[in-house]
Amino acid sequence: MSGLSAGGGPRICVLDYGMGNLRSVEKALEQVGARASVASGPAPADAADGLVLPGVGAFAKAIERIGELGFDRLIERRLAAGTPVLGICLGFQLLFDSSTELGGARGLGLIDGDVVELDAPGLKVPHIGWEPVVWATDSPLREGIDQGTPFYFVHGFAPRRVSDDETLGTAEHGRRFVCAVARPPLYGVQFHPEKSSAAGLRLLANFAAVCAGVPA
């Protein structure tokens, strides 16, 4: 995959704020050679080479928990220091300015855009299943991943008003939506790479390779 050796790969910390299947992300990172761990507070993550913000559930509750644990300040601090950060699924949505879910809530405000319910007339929402990703630009995160490769999605919301400069990939469910962003060292994907077979592991290996090039 990335050429990272077990035990010698980058230290990547999965942030635990009580929402999401953290072990599956941790195991997938270990599989591609990263030294992965789960942290329920900022201190263990301060020495990591990279951070992953996962998540499944309600936007407002997630942002509340992230604030209570100090993960919002941790992410801002590490990004300012050049540490790569990857948001996955709900963690991807939390990178944006706000969400309309359940009456609305402010997000981390790291990427311009609003998260709204999927516009998919006649189709089931939440959107669950495999969809091909159309990559808008090159990035180390999609190295070796072909145009149109399918990834696994589980979501009912997606961002809008995302700038072309920060849009890395799109997918379609009813209408086309942004499913991947990149503003290095910040990255985010709506799909679940840990559930997306070889392509998902390749993306995580690519993120680990990015982390390996950035000292903590």
# chains A, B, ... in the order shown; residues from 1 in each chain; ligands from 1

$ residues_around --residues "region 188-195 of chain A" --least-positions-apart "6" --cutoff "6 Å" --atoms "only C-alpha atoms" --output "list in words"
Val25, Ala28, Leu86, Gly87, Ile88, Cys89, Phe92, Tyr152, Phe153, Cys179, Ala180 and Val181 of chain A

$ write_last_selection --atoms "C-alpha atoms" --output "PDB file, in the first residue's frame"
ATOM      1  CA  VAL A  25     -11.042   3.081  11.835  1.00  0.00           C
ATOM      2  CA  ALA A  28      -7.906  -0.038   9.167  1.00  0.00           C
ATOM      3  CA  LEU A  86      -8.852  13.797   8.265  1.00  0.00           C
ATOM      4  CA  GLY A  87     -12.596  14.074   8.928  1.00  0.00           C
ATOM      5  CA  ILE A  88     -14.708  10.988   8.136  1.00  0.00           C
ATOM      6  CA  CYS A  89     -18.523  10.848   7.673  1.00  0.00           C
ATOM      7  CA  PHE A  92     -16.361  15.458   7.562  1.00  0.00           C
ATOM      8  CA  TYR A 152     -19.334   3.159   0.823  1.00  0.00           C
ATOM      9  CA  PHE A 153     -21.702   5.891   2.076  1.00  0.00           C
ATOM     10  CA  CYS A 179     -18.051  14.086  -0.773  1.00  0.00           C
ATOM     11  CA  ALA A 180     -14.365  14.949  -0.322  1.00  0.00           C
ATOM     12  CA  VAL A 181     -12.484  18.150   0.466  1.00  0.00           C
TER      13      VAL A 181
END

$ residues_around --residues "Asp138 (chain A)" --least-positions-apart "2" --cutoff "12 Å" --atoms "only C-alpha atoms" --output "compact mmCIF listing (two decimals) with N, CA and C atoms, in the first residue's frame"
# COMPACT_ATOMS: atom_id res chain seq x y z
N VAL A 134 -16.25 10.93 -8.25
CA VAL A 134 -15.62 11.68 -9.33
C VAL A 134 -14.63 12.65 -8.69
N TRP A 135 -13.37 12.46 -8.96
CA TRP A 135 -12.34 13.31 -8.36
C TRP A 135 -12.21 14.59 -9.17
N ALA A 136 -12.25 15.73 -8.47
CA ALA A 136 -12.22 17.04 -9.12
C ALA A 136 -10.81 17.53 -9.38
N PRO A 140 -2.57 14.13 -2.87
CA PRO A 140 -1.94 12.95 -2.29
C PRO A 140 -2.95 11.98 -1.69
N LEU A 141 -4.12 12.48 -1.27
CA LEU A 141 -5.12 11.63 -0.63
C LEU A 141 -5.72 10.62 -1.60
N ARG A 142 -5.74 10.92 -2.90
CA ARG A 142 -6.35 10.01 -3.87
C ARG A 142 -5.31 9.37 -4.78
N GLU A 143 -4.08 9.42 -4.38
CA GLU A 143 -3.00 8.80 -5.15
C GLU A 143 -3.31 7.33 -5.39
N GLY A 144 -3.26 6.89 -6.66
CA GLY A 144 -3.47 5.49 -6.99
C GLY A 144 -4.92 5.04 -6.97
N ILE A 145 -5.86 5.96 -6.82
CA ILE A 145 -7.30 5.63 -6.81
C ILE A 145 -7.91 6.13 -8.11
N ASP A 146 -8.46 5.23 -8.89
CA ASP A 146 -8.98 5.57 -10.21
C ASP A 146 -10.22 6.46 -10.14
N GLN A 147 -10.39 7.25 -11.18
CA GLN A 147 -11.61 8.04 -11.34
C GLN A 147 -12.82 7.11 -11.39
N ASP A 165 -11.93 25.35 -5.09
CA ASP A 165 -10.56 25.20 -4.61
C ASP A 165 -10.44 24.14 -3.52
N GLU A 166 -11.53 23.92 -2.77
CA GLU A 166 -11.49 22.98 -1.65
C GLU A 166 -12.22 21.67 -1.95
N THR A 167 -12.90 21.60 -3.10
CA THR A 167 -13.60 20.38 -3.49
C THR A 167 -12.62 19.38 -4.08
N LEU A 168 -12.52 18.21 -3.46
CA LEU A 168 -11.64 17.16 -3.95
C LEU A 168 -12.41 16.11 -4.74
N GLY A 169 -13.64 15.80 -4.33
CA GLY A 169 -14.41 14.78 -5.02
C GLY A 169 -15.90 14.98 -4.82
N ALA A 180 -15.75 14.92 -0.79
CA ALA A 180 -14.37 14.95 -0.32
C ALA A 180 -13.82 16.36 -0.50
N VAL A 181 -13.09 16.81 0.51
CA VAL A 181 -12.48 18.15 0.47
C VAL A 181 -11.01 18.05 0.83
N ALA A 182 -10.26 19.02 0.38
CA ALA A 182 -8.84 19.08 0.72
C ALA A 182 -8.40 20.54 0.75

$ closest_residue --among "A:Lys27, A:Arg65, A:Arg77, A:Arg35" --to "Ala209 (chain A)" --atoms "only C-alpha atoms"
A:Arg35

$ residues_around --residues "Val125 (chain A)" --least-positions-apart "3" --cutoff "12 Å" --atoms "only C-alpha atoms" --output "VMD selection string"
chain A and resid 117 to 122 128 to 129 153 to 158 173 to 174

$ write_last_selection --atoms "C-alpha atoms" --output "PDB file, in the first residue's frame"
ATOM      1  CA  GLU A 117     -30.328  17.389   3.892  1.00  0.00           C
ATOM      2  CA  LEU A 118     -29.656  15.475   0.691  1.00  0.00           C
ATOM      3  CA  ASP A 119     -31.773  16.637  -2.244  1.00  0.00           C
ATOM      4  CA  ALA A 120     -32.819  13.249  -3.598  1.00  0.00           C
ATOM      5  CA  PRO A 121     -36.460  13.242  -4.767  1.00  0.00           C
ATOM      6  CA  GLY A 122     -37.809   9.718  -5.097  1.00  0.00           C
ATOM      7  CA  ILE A 128     -26.735   3.919   2.172  1.00  0.00           C
ATOM      8  CA  GLY A 129     -24.541   2.061  -0.294  1.00  0.00           C
ATOM      9  CA  PHE A 153     -21.702   5.891   2.076  1.00  0.00           C
ATOM     10  CA  VAL A 154     -24.103   6.164   5.019  1.00  0.00           C
ATOM     11  CA  HIS A 155     -25.511   9.699   5.372  1.00  0.00           C
ATOM     12  CA  GLY A 156     -28.585  11.889   5.066  1.00  0.00           C
ATOM     13  CA  PHE A 157     -26.828  15.265   4.813  1.00  0.00           C
ATOM     14  CA  ALA A 158     -24.157  16.789   2.606  1.00  0.00           C
ATOM     15  CA  HIS A 173     -27.579  10.576  -4.932  1.00  0.00           C
ATOM     16  CA  GLY A 174     -30.434  12.419  -6.586  1.00  0.00           C
TER      17      GLY A 174
END

$ closest_residue --among "A:Ala60, A:Leu204, A:Leu79, A:Leu74" --to "Thr100 (chain A)" --atoms "only C-alpha atoms"
A:Ala60

$ closest_atom_pairs --of "region 29-95 of chain A" --to "region 109-112 of chain A" --cutoff "10 Å" --atoms "only C-alpha atoms" --output "Markdown table"
| residue | atom | partner | partner_atom | distance |
| --- | --- | --- | --- | --- |
| A:Ile75 | CA | A:Leu110 | CA | 9.7 |
| A:Glu76 | CA | A:Leu110 | CA | 8.4 |
| A:Leu79 | CA | A:Leu110 | CA | 9.9 |
| A:Phe92 | CA | A:Ile111 | CA | 9.8 |
| A:Gln93 | CA | A:Ile111 | CA | 9.5 |
| A:Leu94 | CA | A:Gly109 | CA | 8.0 |
| A:Leu95 | CA | A:Leu110 | CA | 5.3 |

$ write_last_selection --atoms "C-alpha atoms" --output "PDB file, in the first residue's frame"
ATOM      1  CA  ILE A  75      -7.689  20.521  15.914  1.00  0.00           C
ATOM      2  CA  GLU A  76      -7.141  24.230  15.329  1.00  0.00           C
ATOM      3  CA  LEU A  79      -3.653  22.370  11.917  1.00  0.00           C
ATOM      4  CA  PHE A  92     -16.361  15.458   7.562  1.00  0.00           C
ATOM      5  CA  GLN A  93     -19.595  17.417   8.057  1.00  0.00           C
ATOM      6  CA  LEU A  94     -18.333  18.937  11.312  1.00  0.00           C
ATOM      7  CA  LEU A  95     -15.506  20.661   9.400  1.00  0.00           C
TER       8      LEU A  95
END

$ decode --residues "region 147-182 of chain A" --atoms "N, CA and C atoms" --output "PDB file, in the first residue's frame"
ATOM      1  N   GLN A 147     -10.389   7.249 -11.180  1.00  0.00           N
ATOM      2  CA  GLN A 147     -11.607   8.045 -11.344  1.00  0.00           C
ATOM      3  C   GLN A 147     -12.817   7.108 -11.386  1.00  0.00           C
ATOM      4  N   GLY A 148     -13.853   7.447 -10.608  1.00  0.00           N
ATOM      5  CA  GLY A 148     -15.071   6.649 -10.604  1.00  0.00           C
ATOM      6  C   GLY A 148     -15.049   5.433  -9.707  1.00  0.00           C
ATOM      7  N   THR A 149     -14.011   5.267  -8.905  1.00  0.00           N
ATOM      8  CA  THR A 149     -13.959   4.145  -7.962  1.00  0.00           C
ATOM      9  C   THR A 149     -15.068   4.298  -6.920  1.00  0.00           C
ATOM     10  N   PRO A 150     -15.841   3.258  -6.638  1.00  0.00           N
ATOM     11  CA  PRO A 150     -16.917   3.375  -5.648  1.00  0.00           C
ATOM     12  C   PRO A 150     -16.407   3.318  -4.204  1.00  0.00           C
ATOM     13  N   PHE A 151     -17.080   4.075  -3.349  1.00  0.00           N
ATOM     14  CA  PHE A 151     -16.843   4.070  -1.909  1.00  0.00           C
ATOM     15  C   PHE A 151     -18.183   3.886  -1.206  1.00  0.00           C
ATOM     16  N   TYR A 152     -18.125   3.496   0.075  1.00  0.00           N
ATOM     17  CA  TYR A 152     -19.334   3.159   0.823  1.00  0.00           C
ATOM     18  C   TYR A 152     -19.819   4.364   1.636  1.00  0.00           C
ATOM     19  N   PHE A 153     -21.096   4.724   1.433  1.00  0.00           N
ATOM     20  CA  PHE A 153     -21.702   5.891   2.076  1.00  0.00           C
ATOM     21  C   PHE A 153     -22.823   5.484   3.023  1.00  0.00           C
ATOM     22  N   VAL A 154     -22.940   6.228   4.130  1.00  0.00           N
ATOM     23  CA  VAL A 154     -24.103   6.164   5.019  1.00  0.00           C
ATOM     24  C   VAL A 154     -24.326   7.581   5.533  1.00  0.00           C
ATOM     25  N   HIS A 155     -25.296   8.304   4.948  1.00  0.00           N
ATOM     26  CA  HIS A 155     -25.511   9.699   5.372  1.00  0.00           C
ATOM     27  C   HIS A 155     -26.835  10.218   4.823  1.00  0.00           C
ATOM     28  N   GLY A 156     -27.370  11.226   5.518  1.00  0.00           N
ATOM     29  CA  GLY A 156     -28.585  11.889   5.066  1.00  0.00           C
ATOM     30  C   GLY A 156     -28.371  13.354   4.767  1.00  0.00           C
ATOM     31  N   PHE A 157     -27.149  13.852   5.011  1.00  0.00           N
ATOM     32  CA  PHE A 157     -26.828  15.265   4.813  1.00  0.00           C
ATOM     33  C   PHE A 157     -25.534  15.386   4.019  1.00  0.00           C
ATOM     34  N   ALA A 158     -25.370  16.540   3.383  1.00  0.00           N
ATOM     35  CA  ALA A 158     -24.157  16.789   2.606  1.00  0.00           C
ATOM     36  C   ALA A 158     -23.943  18.303   2.518  1.00  0.00           C
ATOM     37  N   PRO A 159     -22.702  18.750   2.311  1.00  0.00           N
ATOM     38  CA  PRO A 159     -22.431  20.178   2.263  1.00  0.00           C
ATOM     39  C   PRO A 159     -22.829  20.812   0.930  1.00  0.00           C
ATOM     40  N   ARG A 160     -23.117  22.102   0.979  1.00  0.00           N
ATOM     41  CA  ARG A 160     -23.344  22.897  -0.221  1.00  0.00           C
ATOM     42  C   ARG A 160     -22.491  24.170  -0.109  1.00  0.00           C
ATOM     43  N   ARG A 161     -22.381  24.883  -1.232  1.00  0.00           N
ATOM     44  CA  ARG A 161     -21.603  26.126  -1.304  1.00  0.00           C
ATOM     45  C   ARG A 161     -20.119  25.898  -0.990  1.00  0.00           C
ATOM     46  N   VAL A 162     -19.591  24.753  -1.378  1.00  0.00           N
ATOM     47  CA  VAL A 162     -18.172  24.468  -1.171  1.00  0.00           C
ATOM     48  C   VAL A 162     -17.394  25.018  -2.367  1.00  0.00           C
ATOM     49  N   SER A 163     -16.309  25.704  -2.106  1.00  0.00           N
ATOM     50  CA  SER A 163     -15.545  26.305  -3.195  1.00  0.00           C
ATOM     51  C   SER A 163     -14.864  25.230  -4.038  1.00  0.00           C
ATOM     52  N   ASP A 164     -14.659  25.560  -5.317  1.00  0.00           N
ATOM     53  CA  ASP A 164     -13.964  24.636  -6.208  1.00  0.00           C
ATOM     54  C   ASP A 164     -12.552  24.357  -5.712  1.00  0.00           C
ATOM     55  N   ASP A 165     -11.933  25.355  -5.090  1.00  0.00           N
ATOM     56  CA  ASP A 165     -10.559  25.198  -4.613  1.00  0.00           C
ATOM     57  C   ASP A 165     -10.442  24.141  -3.519  1.00  0.00           C
ATOM     58  N   GLU A 166     -11.526  23.918  -2.765  1.00  0.00           N
ATOM     59  CA  GLU A 166     -11.495  22.979  -1.646  1.00  0.00           C
ATOM     60  C   GLU A 166     -12.221  21.667  -1.947  1.00  0.00           C
ATOM     61  N   THR A 167     -12.896  21.596  -3.096  1.00  0.00           N
ATOM     62  CA  THR A 167     -13.602  20.377  -3.489  1.00  0.00           C
ATOM     63  C   THR A 167     -12.620  19.377  -4.083  1.00  0.00           C
ATOM     64  N   LEU A 168     -12.518  18.212  -3.455  1.00  0.00           N
ATOM     65  CA  LEU A 168     -11.635  17.159  -3.950  1.00  0.00           C
ATOM     66  C   LEU A 168     -12.405  16.115  -4.743  1.00  0.00           C
ATOM     67  N   GLY A 169     -13.638  15.804  -4.326  1.00  0.00           N
ATOM     68  CA  GLY A 169     -14.411  14.783  -5.017  1.00  0.00           C
ATOM     69  C   GLY A 169     -15.902  14.977  -4.823  1.00  0.00           C
ATOM     70  N   THR A 170     -16.682  14.419  -5.763  1.00  0.00           N
ATOM     71  CA  THR A 170     -18.142  14.485  -5.679  1.00  0.00           C
ATOM     72  C   THR A 170     -18.725  13.102  -5.947  1.00  0.00           C
ATOM     73  N   ALA A 171     -19.966  12.901  -5.480  1.00  0.00           N
ATOM     74  CA  ALA A 171     -20.732  11.691  -5.768  1.00  0.00           C
ATOM     75  C   ALA A 171     -22.171  12.122  -6.024  1.00  0.00           C
ATOM     76  N   GLU A 172     -23.019  11.166  -6.356  1.00  0.00           N
ATOM     77  CA  GLU A 172     -24.385  11.518  -6.734  1.00  0.00           C
ATOM     78  C   GLU A 172     -25.394  10.625  -6.037  1.00  0.00           C
ATOM     79  N   HIS A 173     -26.396  11.261  -5.449  1.00  0.00           N
ATOM     80  CA  HIS A 173     -27.579  10.576  -4.932  1.00  0.00           C
ATOM     81  C   HIS A 173     -28.725  11.549  -5.112  1.00  0.00           C
ATOM     82  N   GLY A 174     -29.472  11.398  -6.192  1.00  0.00           N
ATOM     83  CA  GLY A 174     -30.434  12.419  -6.586  1.00  0.00           C
ATOM     84  C   GLY A 174     -29.714  13.523  -7.320  1.00  0.00           C
ATOM     85  N   ARG A 175     -29.019  14.355  -6.592  1.00  0.00           N
ATOM     86  CA  ARG A 175     -28.166  15.389  -7.172  1.00  0.00           C
ATOM     87  C   ARG A 175     -26.734  15.171  -6.730  1.00  0.00           C
ATOM     88  N   ARG A 176     -25.827  15.758  -7.490  1.00  0.00           N
ATOM     89  CA  ARG A 176     -24.401  15.607  -7.171  1.00  0.00           C
ATOM     90  C   ARG A 176     -24.080  16.421  -5.918  1.00  0.00           C
ATOM     91  N   PHE A 177     -23.251  15.858  -5.042  1.00  0.00           N
ATOM     92  CA  PHE A 177     -22.869  16.536  -3.805  1.00  0.00           C
ATOM     93  C   PHE A 177     -21.366  16.371  -3.585  1.00  0.00           C
ATOM     94  N   VAL A 178     -20.806  17.281  -2.832  1.00  0.00           N
ATOM     95  CA  VAL A 178     -19.385  17.213  -2.489  1.00  0.00           C
ATOM     96  C   VAL A 178     -19.194  16.132  -1.439  1.00  0.00           C
ATOM     97  N   CYS A 179     -18.282  15.194  -1.720  1.00  0.00           N
ATOM     98  CA  CYS A 179     -18.051  14.086  -0.773  1.00  0.00           C
ATOM     99  C   CYS A 179     -16.606  14.018  -0.298  1.00  0.00           C
ATOM    100  N   ALA A 180     -15.754  14.919  -0.788  1.00  0.00           N
ATOM    101  CA  ALA A 180     -14.365  14.949  -0.322  1.00  0.00           C
ATOM    102  C   ALA A 180     -13.822  16.355  -0.496  1.00  0.00           C
ATOM    103  N   VAL A 181     -13.090  16.814   0.512  1.00  0.00           N
ATOM    104  CA  VAL A 181     -12.484  18.150   0.466  1.00  0.00           C
ATOM    105  C   VAL A 181     -11.008  18.046   0.831  1.00  0.00           C
ATOM    106  N   ALA A 182     -10.262  19.024   0.380  1.00  0.00           N
ATOM    107  CA  ALA A 182      -8.838  19.084   0.715  1.00  0.00           C
ATOM    108  C   ALA A 182      -8.400  20.536   0.751  1.00  0.00           C
TER     109      ALA A 182
END
